[in-house]
Structures are given as structure tokens and as C-alpha cells.
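Asker: I have a structure here, written as C-alpha cells, and I will follow up with some questions on it.
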Amino acid sequence: MMRKALAGVVAGAAGTTALNAVTYMDMVLRGRGASSAPEQLVDELSDRTGVPVPGEGETRENRASGTGAVLGMVTGTGVGMVYGLSRALPWRPAVPLAGLLTGLAAMAGSDVPMATLKVSDPRTWKPADWLADIVPHLTYGIVTAAVYEMLTPGCGCGRRCGCGCRAPGRS
């Protein structure tokens with residue numbers, strides 16, 4: 001089980017890298033700035049918990065921005081770990097479907113806290129906003145699922161279960 005969790009963390013890190021690459025490419029192509037939502041989330045969490053972000057002015061803003069980025073990486077590796085653990089369940093969808101579901105889970109993992117804390121309201125998003133959010137998250141899901149499957153070769157029966165079946169190449 002630990003191997004599945006660790007493989008999921010590694011796959012989630014790869015997925016997070018892919019998500020960031022797609023996001024930055026969108027910024028390049030459309031000439032848009034980086035989202036301030038992660039930093040705003042950190043500020044809101046700081047206000048609600050009473051735990052201040054240290055520093056003043058630009059130093060504080062940089063720490064909040066960096067903390068927001070780290071929270072995104074924690075979300076990505078955490079969802080990857082859950083993906084790895086979920087592959088031990090009896091229902092193991094094919095990689096494309098698993099990737100889609102994983103991408104949607106990662107999207108919920110970032111959007112739900114922002115909506116709950118009123119940092120962002122997805123009900124007010126335009127189609128371009130939804131695309132800028134869903135495309136990187138679906139990329140995350142597909143990459144996470146594919147990397148996990150590459151890290152955990154199966155037995156050949158198609159279920160990736162290590163069941164010891166008599167698949168070709170196994171004795």
C-alpha cells in the first residue's frame with residue numbers, strides 16, 4: 001500500500017508540473033497575468049485562523065504568493081497519493097477515464113476551498129475562465145494517471161493487480 005501511495009505522490013508531482021506548464025503556456029499565448037487567487041486564499045486562511053503571514057509589504061506578499069504555490073503542489077501530490085491508493089480498489093477504470101476523474105478531483109481540490117472562502121465564485125466565471133481552469137486540471141489528471149501506470153507495471157491481466165495470472169511473459 002505504501003508503494004502505491006508513493007507512486008501516486010510521484011505521479012501527482014509529474015501531473016502538477018504538467019498543469020503548471022499548461023498554465024504558463026496559456027499566460028504566454030493570451031498575455032494574461034498569473035492568478036492572484038492562491039495568494040488571496042492564503043490571506044483569507046491567515047485572517048480566519050489568526051496565523052499571520054510574516055513580514056510587511058512586498059516581503060509579506062511574496063510569502064503569501066509562495067505559500068499559495070506550495071499549497072497547489074500539496075494539492076497535486078495529495079490527489080496523486082489518493083489516486084495511487086484508489087488503484088487498489090476493485091473498480092479500476094481505464095487510464096483515460098481515471099485521468100479525467102483525477103483531473104476533476106484536483107480541480108475540486110483547488111476550486112472548492114476558494115469558493116468556500118469566497119476568494120472566487122465559479123458561478124460568475126466566463127467560458128474562457130472555465131477553460132483556463134479545466135484544461136490544466138485535465139492535463140494534470142491524464143499525466144498523473146499515465147505516470148502512475150508507468151511506475152506500477154501490472155501482471156498483464158489488464159487489471160494492474162499483481163494477481164500472478166498466466167499472462168504472456170509470466171511463468
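Quick note on naming: the chains in the C-alpha cells go A, B, ... in the order shown, residues restart at 1 in each chain, and ligands are numbered from 1 in order of appearance.
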Please provide the set of residues having any atom within 12 Å of stretch 26-32 of chain A, restricted to only C-alpha atoms, with same-chain residues fewer than 6 positions apart removed, written as a CSV table (one decimal) with all heavy atoms, in the first residue's frame.
Answerer:
```csv
chain,number,residue,atom,x,y,z
A,19,LEU,N,0.5,20.6,-15.3
A,19,LEU,CA,-0.5,21.6,-15.0
A,19,LEU,C,0.1,23.0,-15.1
A,19,LEU,O,-0.4,23.9,-15.7
A,19,LEU,CB,-1.2,21.4,-13.7
A,19,LEU,CG,-2.3,22.4,-13.3
A,19,LEU,CD1,-3.4,21.7,-12.5
A,19,LEU,CD2,-1.7,23.5,-12.4
A,20,ASN,N,1.2,23.1,-14.4
A,20,ASN,CA,1.9,24.4,-14.4
A,20,ASN,C,2.4,24.8,-15.8
A,20,ASN,O,2.3,25.9,-16.2
A,20,ASN,CB,3.1,24.4,-13.4
A,20,ASN,CG,2.6,24.4,-12.0
A,20,ASN,OD1,1.6,24.9,-11.6
A,20,ASN,ND2,3.5,23.9,-11.1
A,128,ALA,N,-14.1,31.5,-20.9
A,128,ALA,CA,-12.6,31.5,-21.0
A,128,ALA,C,-12.0,31.2,-19.6
A,128,ALA,O,-11.0,30.5,-19.6
A,128,ALA,CB,-12.1,32.9,-21.5
A,129,ASP,N,-12.7,31.6,-18.6
A,129,ASP,CA,-12.2,31.3,-17.2
A,129,ASP,C,-12.3,29.8,-16.9
A,129,ASP,O,-11.4,29.2,-16.4
A,129,ASP,CB,-13.0,32.1,-16.2
A,129,ASP,CG,-12.9,33.6,-16.3
A,129,ASP,OD1,-11.9,34.1,-16.8
A,129,ASP,OD2,-14.0,34.3,-16.1
A,131,LEU,N,-12.3,27.4,-19.2
A,131,LEU,CA,-11.3,26.7,-20.0
A,131,LEU,C,-9.9,26.9,-19.4
A,131,LEU,O,-9.1,25.9,-19.4
A,131,LEU,CB,-11.2,27.3,-21.4
A,131,LEU,CG,-12.1,26.7,-22.4
A,131,LEU,CD1,-12.1,27.4,-23.8
A,131,LEU,CD2,-11.8,25.2,-22.6
A,132,ALA,N,-9.6,28.1,-18.9
A,132,ALA,CA,-8.3,28.3,-18.2
A,132,ALA,C,-8.1,27.5,-17.0
A,132,ALA,O,-7.0,27.2,-16.6
A,132,ALA,CB,-8.1,29.8,-17.9
A,133,ASP,N,-9.2,27.0,-16.4
A,133,ASP,CA,-9.1,26.2,-15.2
A,133,ASP,C,-9.2,24.7,-15.6
A,133,ASP,O,-8.4,23.9,-15.0
A,133,ASP,CB,-10.3,26.5,-14.3
A,133,ASP,CG,-10.0,26.0,-12.8
A,133,ASP,OD1,-8.9,26.1,-12.3
A,133,ASP,OD2,-11.0,25.5,-12.2
A,135,VAL,N,-8.7,23.0,-18.5
A,135,VAL,CA,-7.7,22.4,-19.4
A,135,VAL,C,-6.4,22.0,-18.6
A,135,VAL,O,-5.9,20.8,-18.7
A,135,VAL,CB,-7.3,23.3,-20.6
A,135,VAL,CG1,-6.1,22.8,-21.4
A,135,VAL,CG2,-8.5,23.3,-21.6
A,136,PRO,N,-5.9,22.8,-17.8
A,136,PRO,CA,-4.7,22.4,-17.0
A,136,PRO,C,-5.0,21.3,-16.0
A,136,PRO,O,-4.2,20.4,-15.8
A,136,PRO,CB,-4.3,23.7,-16.2
A,136,PRO,CG,-4.9,24.8,-17.0
A,136,PRO,CD,-6.1,24.3,-17.6
```
Asker: Stretch 58-136 of chain A near stretch 41-48 of chain A within 7 Å: what's each residue's closest atom pair and its distance in Å to one decimal, counting only C-alpha atoms, ordered by chain then ascending residue number, as JSON lines?
Answerer:
```
{"residue": "A:Ala64", "atom": "CA", "partner": "A:Val42", "partner_atom": "CA", "distance": 5.9}
{"residue": "A:Thr67", "atom": "CA", "partner": "A:Val42", "partner_atom": "CA", "distance": 6.9}
{"residue": "A:Gly68", "atom": "CA", "partner": "A:Val42", "partner_atom": "CA", "distance": 6.0}
{"residue": "A:Met114", "atom": "CA", "partner": "A:Leu41", "partner_atom": "CA", "distance": 6.3}
{"residue": "A:Val119", "atom": "CA", "partner": "A:Leu41", "partner_atom": "CA", "distance": 6.2}
```
Asker: Hey, what's within 12 Å of A:Gly109 if we count only C-alpha atoms and toss same-chain stuff fewer than 3 positions away? As a list in words, please?
Answerer: Leu71, Gly72, Met73, Val74, Thr75, Gly76, Thr77, Gly78, Val79, Gly80, Val82, Thr102, Gly103, Leu104, Ala105, Ala106, Val112, Pro113, Met114, Ala115, Thr116 and His137 of chain A
Asker: With a distance cut-off of 10 Å and only C-alpha atoms, select the neighbouring residues of A:Ser86, excluding the residue or stretch itself and same-chain residues fewer than 6 positions from it, and output the selection as a list in words.
Answerer: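 Listing them by chain and then by number gives Lys4, Ala5, Gly8, Gly80 and Arg92 of chain A.
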Asker: Could you pull out the alpha helix (DSSP H) residues of stretch 10-72 of chain A from DSSP and send them as a PyMOL selection string?
Answerer: chain A and resi 10-30+37-49+57-72
Asker: Could you check the closest approach to A:Ser110 for each of A:Gly55, A:Gly33, A:Pro122, A:Gly84 and tell me which residue wins, using only C-alpha atoms?
Answerer: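 Smallest separation from A:Ser110 among the options: A:Pro122.
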Asker: Neighbours of A:Pro54 within 10 Å (only C-alpha atoms; same-chain residues fewer than 5 positions away dropped), as an NGL selection string?
Answerer: :A and (59-61 or 63-64)
Asker: For each of A:Thr49, A:Val22, A:Arg87, A:Val95, take the minimum atom-to-atom distance to A:Ile134, counting only C-alpha atoms, then give the residue where this is smallest.
Answerer: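 Selected residue with least distance to A:Ile134: A:Val22.
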Asker: So, with only C-alpha atoms as the atoms that count, which of A:Val9, A:Thr16, A:Ala37, A:Trp125 lies closest to A:Ile142?
Answerer: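 Of the candidates, the smallest distance to A:Ile142 is held by A:Thr16.
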Asker: In Å, how far is it from atom CA of A:Trp130 to atom CA of A:Glu149?
Answerer: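 Rounded to one decimal, the two atoms are 28.4 Å apart.
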Asker: Could you name the residues that touch A:Val147 at 10 Å or less, counting only C-alpha atoms, but leaving out those on the same chain fewer than 3 positions away, as a ChimeraX atom specification?
Answerer: /A:7-8,10-15,141-144,150-152
